[in-house]
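Peer 1: This structure is in structure tokens; I'll ask about it shortly.
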Amino acid sequence: MFVDEAIIRAKAGDGGKGSASFRREKFIPRGGPDGGDGGKGGDVWAVGDENLSDLSKYSYTPNIFAGNGAKGAGRLKTGASGADAELKVPPGTIIYDSETGALVAEILEHKERVLLLRGGSGGLGNAHFKSSTNRAPRQFTYGSEGESAEYKLVLKSIADAGLVGYPNAGKSSLVSLITQAKPKIGAYPFTTLHVNIGTLEFPDYYEKLKLADIPGLIDGASQNKGLGHEFLRHIERCKVLVLMIDMAGTDGRNPCSDYKSILAELELYSKDLLKKPLIIAANKMDEPAAEKNLKSFRKKYPAADVIPISCLTEEGIGALKDEIRKKCKLLSF
């Protein structure tokens with residue numbers, strides 16, 4: 001199951017307590033205090049890991065603990081520091097304080113590290129309390145507690161292009177054609193239930209781009225109809241949006257109305273989405289009604305960047321890939 005939100009609790013390690021020890025070597029009278037300090041508690045770090053695709057691991061292990069510092073020892077030996085804990089998340093994860101909602105960190109790169117919680121400092125051994133009036137101190141201090149917090153993790157996938165459309169428009173078929181991803185394909189609504197990230201390869205240019213396929217939108221998705229529109233967060237970071245339109249008008253659909261409705265749902269989620277370059281993938285051009293509908297569509301939306309394709313015959317697939325690459329590259333400079 002794809003999980004893009006999780007609540008976790010994390011605690012840094014406590015510092016170890018100091019030692020109350022005295023030198024006891026033979027032939028050294030009145031050896032004096034030699035208690036060492038306690039070790040520092042381990043920190044908690046957020047770390048980007050490109051090998052993770054979602055946050056499902058934290059559905060089963062929502063608690064993260066760093067190690068406690070060890071107790072100090074005689075001969076001024078400092079206790080060992082506690083082991084750090086790593087909160088490994090896929091790049092694109094945003095970390096919020098679950099109580100206040102404040103942004104804590106945003107992990108965008110593989111191996112990027114952000115310190116979340118500091119471990120407690122170690123306590124002082126009795127050697128620190130030696131003075132001219134206190135030659136045999138027995139005082140020591142306990143280590144301080146490590147910081148703790150509860151976080152909300154939200155994944156916003158990082159992809160170059162995002163694929164949006166109505167259920168059964170052919171998005172999953174397109175993804176399986178142009179990437180190595182193998183999404184579920186079926187002739188029924190909501191075949192795609194979670195985000196699929198595929199890689200577009202361009203061997204001639206030695207380049208690769210990531211494509212995010214989100215579940216199908218329907219009218220009223222902003223009111224949580226269908227699967228809602230929360231999945232749209234996964235295309236917020238995309239440079240280009242590809243809108244998949246069933247140009248054949250299957251089951252009485254109207255391509256112009258579908259296009260208008262998709263734009264409306266995108267705007268209801270975030271007006272910034274409509275500021276991105278849009279490519280219209282006019283699918284099902286192998287069907288008889290598609291040509292007539294395409295002419296009507298172009299007449300009504302002359303400024304739209306329309307690429308006629310067929311996932312069945314693979315017509316126009318190469319042209320679509322090239323257009324995606326061109327628009328992504330223009331935004332990279």
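How things are named: the first chain in the structure tokens is A, the next is B, and so on; residues count from 1 in each chain; ligands count from 1 in the order shown.
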Find the residues around region 145-155 of chain A up to 9 Å (only C-alpha atoms counted), leave out those fewer than 4 positions away in its own chain, and share them as a PyMOL selection string.
Peer 2: chain A and resi 3-15+41-43+54-55+66+68+89-99+101+104+116-121+233-234
Peer 1: Where does DSSP see strand (DSSP E or B) in region 208-318 of chain A, if you list the residues as a list in words?
Peer 2: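 For region 208-318 of chain A, the strand (DSSP E or B) set is Lys208, Leu209, Lys210, Leu211, Ala212, Asp213, Val240, Leu241, Val242, Leu243, Met244, Ile245, Asp246, Leu278, Ile279, Ile280, Ala281, Ala282, Asn283, Val306, Ile307 and Pro308 of chain A.
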Peer 1: Write a file of the selected residues as a PDB file, in the first residue's frame, keeping N, CA, C and O atoms.
Peer 2:
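The resulting out_11.pdb:
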ATOM      1  N   LYS A 208      17.592  11.286 -18.583  1.00  0.00           N
ATOM      2  CA  LYS A 208      16.442  10.617 -17.985  1.00  0.00           C
ATOM      3  C   LYS A 208      15.572  11.662 -17.300  1.00  0.00           C
ATOM      4  O   LYS A 208      16.076  12.641 -16.741  1.00  0.00           O
ATOM      5  N   LEU A 209      14.260  11.459 -17.350  1.00  0.00           N
ATOM      6  CA  LEU A 209      13.311  12.317 -16.657  1.00  0.00           C
ATOM      7  C   LEU A 209      12.345  11.437 -15.868  1.00  0.00           C
ATOM      8  O   LEU A 209      12.075  10.301 -16.262  1.00  0.00           O
ATOM      9  N   LYS A 210      11.823  11.975 -14.776  1.00  0.00           N
ATOM     10  CA  LYS A 210      10.859  11.228 -13.978  1.00  0.00           C
ATOM     11  C   LYS A 210       9.447  11.721 -14.271  1.00  0.00           C
ATOM     12  O   LYS A 210       9.191  12.919 -14.362  1.00  0.00           O
ATOM     13  N   LEU A 211       8.545  10.750 -14.398  1.00  0.00           N
ATOM     14  CA  LEU A 211       7.134  11.040 -14.685  1.00  0.00           C
ATOM     15  C   LEU A 211       6.273  10.516 -13.539  1.00  0.00           C
ATOM     16  O   LEU A 211       6.376   9.347 -13.163  1.00  0.00           O
ATOM     17  N   ALA A 212       5.424  11.385 -12.983  1.00  0.00           N
ATOM     18  CA  ALA A 212       4.524  11.002 -11.894  1.00  0.00           C
ATOM     19  C   ALA A 212       3.110  10.826 -12.444  1.00  0.00           C
ATOM     20  O   ALA A 212       2.539  11.765 -13.014  1.00  0.00           O
ATOM     21  N   ASP A 213       2.567   9.633 -12.288  1.00  0.00           N
ATOM     22  CA  ASP A 213       1.197   9.335 -12.705  1.00  0.00           C
ATOM     23  C   ASP A 213       0.329   9.290 -11.457  1.00  0.00           C
ATOM     24  O   ASP A 213       0.552   8.460 -10.567  1.00  0.00           O
ATOM     25  N   VAL A 240       6.487  20.311 -15.690  1.00  0.00           N
ATOM     26  CA  VAL A 240       5.524  20.254 -16.785  1.00  0.00           C
ATOM     27  C   VAL A 240       4.378  19.327 -16.399  1.00  0.00           C
ATOM     28  O   VAL A 240       4.599  18.317 -15.719  1.00  0.00           O
ATOM     29  N   LEU A 241       3.168  19.669 -16.820  1.00  0.00           N
ATOM     30  CA  LEU A 241       2.012  18.799 -16.603  1.00  0.00           C
ATOM     31  C   LEU A 241       1.515  18.270 -17.944  1.00  0.00           C
ATOM     32  O   LEU A 241       1.383  19.027 -18.914  1.00  0.00           O
ATOM     33  N   VAL A 242       1.251  16.975 -17.992  1.00  0.00           N
ATOM     34  CA  VAL A 242       0.683  16.333 -19.179  1.00  0.00           C
ATOM     35  C   VAL A 242      -0.764  15.978 -18.849  1.00  0.00           C
ATOM     36  O   VAL A 242      -1.025  15.191 -17.941  1.00  0.00           O
ATOM     37  N   LEU A 243      -1.700  16.600 -19.569  1.00  0.00           N
ATOM     38  CA  LEU A 243      -3.118  16.336 -19.342  1.00  0.00           C
ATOM     39  C   LEU A 243      -3.597  15.309 -20.357  1.00  0.00           C
ATOM     40  O   LEU A 243      -3.579  15.548 -21.563  1.00  0.00           O
ATOM     41  N   MET A 244      -4.030  14.167 -19.865  1.00  0.00           N
ATOM     42  CA  MET A 244      -4.470  13.060 -20.722  1.00  0.00           C
ATOM     43  C   MET A 244      -5.960  13.230 -21.019  1.00  0.00           C
ATOM     44  O   MET A 244      -6.793  13.242 -20.091  1.00  0.00           O
ATOM     45  N   ILE A 245      -6.301  13.369 -22.293  1.00  0.00           N
ATOM     46  CA  ILE A 245      -7.690  13.555 -22.700  1.00  0.00           C
ATOM     47  C   ILE A 245      -8.123  12.400 -23.601  1.00  0.00           C
ATOM     48  O   ILE A 245      -7.423  12.043 -24.553  1.00  0.00           O
ATOM     49  N   ASP A 246      -9.267  11.817 -23.291  1.00  0.00           N
ATOM     50  CA  ASP A 246      -9.863  10.781 -24.142  1.00  0.00           C
ATOM     51  C   ASP A 246     -10.515  11.482 -25.326  1.00  0.00           C
ATOM     52  O   ASP A 246     -11.663  11.931 -25.254  1.00  0.00           O
ATOM     53  N   LEU A 278       1.684  23.238 -19.996  1.00  0.00           N
ATOM     54  CA  LEU A 278       0.739  22.131 -20.143  1.00  0.00           C
ATOM     55  C   LEU A 278       0.892  21.490 -21.518  1.00  0.00           C
ATOM     56  O   LEU A 278       0.997  22.183 -22.531  1.00  0.00           O
ATOM     57  N   ILE A 279       0.886  20.167 -21.543  1.00  0.00           N
ATOM     58  CA  ILE A 279       0.875  19.406 -22.790  1.00  0.00           C
ATOM     59  C   ILE A 279      -0.397  18.567 -22.792  1.00  0.00           C
ATOM     60  O   ILE A 279      -0.687  17.869 -21.810  1.00  0.00           O
ATOM     61  N   ILE A 280      -1.161  18.645 -23.879  1.00  0.00           N
ATOM     62  CA  ILE A 280      -2.390  17.853 -23.985  1.00  0.00           C
ATOM     63  C   ILE A 280      -2.076  16.579 -24.765  1.00  0.00           C
ATOM     64  O   ILE A 280      -1.741  16.639 -25.952  1.00  0.00           O
ATOM     65  N   ALA A 281      -2.170  15.435 -24.090  1.00  0.00           N
ATOM     66  CA  ALA A 281      -2.000  14.145 -24.756  1.00  0.00           C
ATOM     67  C   ALA A 281      -3.380  13.672 -25.210  1.00  0.00           C
ATOM     68  O   ALA A 281      -4.186  13.193 -24.396  1.00  0.00           O
ATOM     69  N   ALA A 282      -3.670  13.864 -26.479  1.00  0.00           N
ATOM     70  CA  ALA A 282      -4.982  13.507 -27.029  1.00  0.00           C
ATOM     71  C   ALA A 282      -4.979  12.022 -27.377  1.00  0.00           C
ATOM     72  O   ALA A 282      -4.569  11.620 -28.466  1.00  0.00           O
ATOM     73  N   ASN A 283      -5.468  11.213 -26.460  1.00  0.00           N
ATOM     74  CA  ASN A 283      -5.369   9.758 -26.597  1.00  0.00           C
ATOM     75  C   ASN A 283      -6.555   9.167 -27.380  1.00  0.00           C
ATOM     76  O   ASN A 283      -7.561   9.820 -27.614  1.00  0.00           O
ATOM     77  N   VAL A 306      -1.273  20.482 -28.226  1.00  0.00           N
ATOM     78  CA  VAL A 306      -1.929  19.174 -28.349  1.00  0.00           C
ATOM     79  C   VAL A 306      -1.047  18.203 -29.127  1.00  0.00           C
ATOM     80  O   VAL A 306      -0.585  18.518 -30.233  1.00  0.00           O
ATOM     81  N   ILE A 307      -0.831  17.019 -28.551  1.00  0.00           N
ATOM     82  CA  ILE A 307      -0.088  15.949 -29.228  1.00  0.00           C
ATOM     83  C   ILE A 307      -1.037  14.762 -29.402  1.00  0.00           C
ATOM     84  O   ILE A 307      -1.400  14.104 -28.419  1.00  0.00           O
ATOM     85  N   PRO A 308      -1.480  14.461 -30.628  1.00  0.00           N
ATOM     86  CA  PRO A 308      -2.360  13.301 -30.840  1.00  0.00           C
ATOM     87  C   PRO A 308      -1.580  11.998 -30.630  1.00  0.00           C
ATOM     88  O   PRO A 308      -0.487  11.830 -31.181  1.00  0.00           O
TER      89      PRO A 308
END
Peer 1: Write out as a list in words which residues come within 10 Å of region 271-274 of chain A when counting only C-alpha atoms, dropping same-chain ones fewer than 3 positions away.
Peer 2: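 In the requested form, the answer reads Leu232, Ile235, Glu236, Arg237, Cys238, Lys239, Val240, Leu241, Leu263, Ala264, Glu265, Leu266, Glu267, Leu268, Pro277 and Leu278 of chain A.
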Peer 1: How about saving the chosen residues, N, CA, C and O atoms kept, as a compact mmCIF listing (two decimals), in the first residue's frame?
Peer 2:
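Written file, out.txt:
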# COMPACT_ATOMS: atom_id res chain seq x y z
N LEU A 232 -2.84 15.40 -5.79
CA LEU A 232 -2.25 16.47 -6.60
C LEU A 232 -1.00 17.06 -5.97
O LEU A 232 -0.22 17.73 -6.65
N ILE A 235 2.29 16.42 -7.81
CA ILE A 235 2.70 17.09 -9.04
C ILE A 235 3.04 18.56 -8.79
O ILE A 235 3.34 19.29 -9.73
N GLU A 236 3.03 18.98 -7.54
CA GLU A 236 3.33 20.38 -7.23
C GLU A 236 4.75 20.77 -7.64
O GLU A 236 5.01 21.91 -8.00
N ARG A 237 5.67 19.81 -7.56
CA ARG A 237 7.07 20.12 -7.88
C ARG A 237 7.42 19.84 -9.34
O ARG A 237 8.56 20.03 -9.73
N CYS A 238 6.47 19.36 -10.12
CA CYS A 238 6.75 19.04 -11.51
C CYS A 238 6.99 20.31 -12.33
O CYS A 238 6.37 21.35 -12.09
N LYS A 239 7.87 20.21 -13.31
CA LYS A 239 8.11 21.33 -14.21
C LYS A 239 7.01 21.45 -15.26
O LYS A 239 6.66 22.55 -15.68
N VAL A 240 6.49 20.31 -15.69
CA VAL A 240 5.52 20.25 -16.78
C VAL A 240 4.38 19.33 -16.40
O VAL A 240 4.60 18.32 -15.72
N LEU A 241 3.17 19.67 -16.82
CA LEU A 241 2.01 18.80 -16.60
C LEU A 241 1.51 18.27 -17.94
O LEU A 241 1.38 19.03 -18.91
N LEU A 263 -8.83 21.48 -15.71
CA LEU A 263 -8.22 22.76 -15.37
C LEU A 263 -8.88 23.36 -14.13
O LEU A 263 -8.19 23.94 -13.27
N ALA A 264 -10.19 23.21 -14.02
CA ALA A 264 -10.91 23.75 -12.86
C ALA A 264 -10.48 23.05 -11.58
O ALA A 264 -10.27 23.70 -10.54
N GLU A 265 -10.33 21.72 -11.62
CA GLU A 265 -9.91 20.99 -10.43
C GLU A 265 -8.48 21.34 -10.03
O GLU A 265 -8.16 21.45 -8.84
N LEU A 266 -7.61 21.52 -11.02
CA LEU A 266 -6.24 21.93 -10.72
C LEU A 266 -6.22 23.30 -10.06
O LEU A 266 -5.49 23.53 -9.09
N GLU A 267 -7.04 24.20 -10.57
CA GLU A 267 -7.08 25.56 -10.00
C GLU A 267 -7.63 25.56 -8.59
O GLU A 267 -7.17 26.31 -7.72
N LEU A 268 -8.64 24.72 -8.33
CA LEU A 268 -9.21 24.64 -6.98
C LEU A 268 -8.17 24.14 -5.98
O LEU A 268 -8.20 24.52 -4.80
N PRO A 277 3.83 24.80 -17.64
CA PRO A 277 3.56 24.44 -19.04
C PRO A 277 2.67 23.20 -19.11
O PRO A 277 2.89 22.23 -18.37
N LEU A 278 1.68 23.24 -20.00
CA LEU A 278 0.74 22.13 -20.14
C LEU A 278 0.89 21.49 -21.52
O LEU A 278 1.00 22.18 -22.53
Peer 1: Could you check the closest approach to Thr179 (chain A) for each of A:Leu312, A:Ala290, A:Ala159, A:Leu200 and tell me which residue wins, using only C-alpha atoms?
Peer 2: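 Closest candidate: A:Leu200.
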Peer 1: May I have the residues within 7 Å of Ile214 (chain A) as JSON, numbers by chain, using only C-alpha atoms and disregarding those fewer than 3 positions away in the same chain?
Peer 2: {"A": [163, 164, 194, 195, 196, 231]}
Peer 1: Apply DSSP to the backbone of this structure and, from region 25-186 of chain A, keep only the residues in alpha helix (DSSP H); write these as an MDAnalysis selection string.
Peer 2: chainID A and resid 57:60 171:178
Peer 1: Could the residues in this selection be saved with N, CA, C and O atoms as a PDB file, in the first residue's frame?
Peer 2:
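For reference, result09.pdb as written:
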ATOM      1  N   LYS A  57       6.904   2.350   5.805  1.00  0.00           N
ATOM      2  CA  LYS A  57       7.649   1.733   6.909  1.00  0.00           C
ATOM      3  C   LYS A  57       7.268   2.342   8.248  1.00  0.00           C
ATOM      4  O   LYS A  57       7.338   1.676   9.287  1.00  0.00           O
ATOM      5  N   TYR A  58       6.817   3.610   8.237  1.00  0.00           N
ATOM      6  CA  TYR A  58       6.475   4.266   9.501  1.00  0.00           C
ATOM      7  C   TYR A  58       5.042   3.979   9.936  1.00  0.00           C
ATOM      8  O   TYR A  58       4.616   4.429  10.996  1.00  0.00           O
ATOM      9  N   SER A  59       4.315   3.223   9.122  1.00  0.00           N
ATOM     10  CA  SER A  59       3.016   2.719   9.570  1.00  0.00           C
ATOM     11  C   SER A  59       3.210   1.599  10.585  1.00  0.00           C
ATOM     12  O   SER A  59       2.338   1.336  11.414  1.00  0.00           O
ATOM     13  N   TYR A  60       4.373   0.940  10.505  1.00  0.00           N
ATOM     14  CA  TYR A  60       4.661  -0.198  11.386  1.00  0.00           C
ATOM     15  C   TYR A  60       5.674   0.152  12.470  1.00  0.00           C
ATOM     16  O   TYR A  60       5.702  -0.478  13.525  1.00  0.00           O
ATOM     17  N   LYS A 171      -4.019   6.786 -18.900  1.00  0.00           N
ATOM     18  CA  LYS A 171      -2.773   7.209 -18.251  1.00  0.00           C
ATOM     19  C   LYS A 171      -1.867   6.030 -17.926  1.00  0.00           C
ATOM     20  O   LYS A 171      -0.661   6.067 -18.191  1.00  0.00           O
ATOM     21  N   SER A 172      -2.420   5.003 -17.331  1.00  0.00           N
ATOM     22  CA  SER A 172      -1.604   3.840 -16.960  1.00  0.00           C
ATOM     23  C   SER A 172      -1.000   3.162 -18.187  1.00  0.00           C
ATOM     24  O   SER A 172       0.143   2.704 -18.166  1.00  0.00           O
ATOM     25  N   SER A 173      -1.784   3.109 -19.270  1.00  0.00           N
ATOM     26  CA  SER A 173      -1.263   2.515 -20.510  1.00  0.00           C
ATOM     27  C   SER A 173      -0.087   3.326 -21.045  1.00  0.00           C
ATOM     28  O   SER A 173       0.911   2.775 -21.515  1.00  0.00           O
ATOM     29  N   LEU A 174      -0.216   4.649 -20.961  1.00  0.00           N
ATOM     30  CA  LEU A 174       0.864   5.512 -21.438  1.00  0.00           C
ATOM     31  C   LEU A 174       2.116   5.325 -20.597  1.00  0.00           C
ATOM     32  O   LEU A 174       3.230   5.198 -21.138  1.00  0.00           O
ATOM     33  N   VAL A 175       1.953   5.275 -19.282  1.00  0.00           N
ATOM     34  CA  VAL A 175       3.107   5.106 -18.395  1.00  0.00           C
ATOM     35  C   VAL A 175       3.830   3.799 -18.693  1.00  0.00           C
ATOM     36  O   VAL A 175       5.063   3.740 -18.725  1.00  0.00           O
ATOM     37  N   SER A 176       3.067   2.742 -18.931  1.00  0.00           N
ATOM     38  CA  SER A 176       3.698   1.448 -19.215  1.00  0.00           C
ATOM     39  C   SER A 176       4.421   1.449 -20.562  1.00  0.00           C
ATOM     40  O   SER A 176       5.365   0.691 -20.759  1.00  0.00           O
ATOM     41  N   LEU A 177       3.998   2.343 -21.476  1.00  0.00           N
ATOM     42  CA  LEU A 177       4.628   2.415 -22.800  1.00  0.00           C
ATOM     43  C   LEU A 177       5.940   3.204 -22.775  1.00  0.00           C
ATOM     44  O   LEU A 177       6.907   2.835 -23.438  1.00  0.00           O
ATOM     45  N   ILE A 178       5.965   4.289 -22.038  1.00  0.00           N
ATOM     46  CA  ILE A 178       7.105   5.206 -22.147  1.00  0.00           C
ATOM     47  C   ILE A 178       8.065   5.140 -20.973  1.00  0.00           C
ATOM     48  O   ILE A 178       9.089   5.814 -20.976  1.00  0.00           O
TER      49      ILE A 178
END
Peer 1: Do a neighbour search on Asn126 (chain A) at 8 Å with only C-alpha atoms, toss out local chain neighbours closer than 6 positions, and write the hits as a list in words.
Peer 2: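 The contact residues come out as Gly18, Ser19, Ala20, Ser21, Pro33, Asp34, Gly35, Gly36, Pro137, Arg138, Gln139 and Phe140 of chain A.
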Peer 1: Can you write out the residues you just picked, keeping C-alpha atoms, as a CSV table (one decimal), in the first residue's frame?
Peer 2:
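Saved result, out_3.csv, follows:
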chain,number,residue,atom,x,y,z
A,18,GLY,CA,28.9,11.3,35.7
A,19,SER,CA,31.0,9.0,37.8
A,20,ALA,CA,31.9,9.4,41.5
A,21,SER,CA,35.3,7.6,41.6
A,33,PRO,CA,38.7,12.0,42.6
A,34,ASP,CA,39.0,10.7,39.1
A,35,GLY,CA,35.3,10.2,38.0
A,36,GLY,CA,34.7,10.8,34.3
A,137,PRO,CA,34.1,15.4,46.4
A,138,ARG,CA,31.4,12.8,46.0
A,139,GLN,CA,29.2,15.0,43.9
A,140,PHE,CA,28.4,14.1,40.3
Peer 1: Select, from A:Ser56, A:Val44, A:Ile107, A:Pro62, the residue with the minimum atom-to-atom distance to Ala83 (chain A), counting only C-alpha atoms.
Peer 2: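 Among the listed residues, A:Val44 lies closest to Ala83 (chain A).
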Peer 1: When you count only C-alpha atoms, which of these residues is closest to Arg298 (chain A): A:Pro255, A:Asn51, A:Lys88, A:Arg30?
Peer 2: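 Counting only C-alpha atoms, the residue closest to Arg298 (chain A) is A:Pro255.
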Peer 1: Using only C-alpha atoms, which residue out of A:Lys321, A:Lys299, A:Arg75, A:Lys276 lies closest to Arg23 (chain A)?
Peer 2: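 Closest to Arg23 (chain A), using only C-alpha atoms: A:Arg75.
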Peer 1: With only C-alpha atoms as the basis for distance, which of A:Gly67, A:Lys17, A:Thr199, A:Cys256 is at the shortest distance from Pro302 (chain A)?
Peer 2: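 Closest to Pro302 (chain A) of all the choices is A:Cys256.
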Peer 1: Report as a count of residues only all protein, DNA and RNA residues lying within 7 Å of Trp45 (chain A), evaluated on only C-alpha atoms, omitting residues in the same chain fewer than 2 positions from it.
Peer 2: 9
Peer 1: Report as JSON, numbers by chain all protein, DNA and RNA residues lying within 8 Å of Leu320 (chain A), evaluated on only C-alpha atoms, omitting residues in the same chain fewer than 3 positions from it.
Peer 2: {"A": [281, 307, 309, 316, 317, 323, 324]}
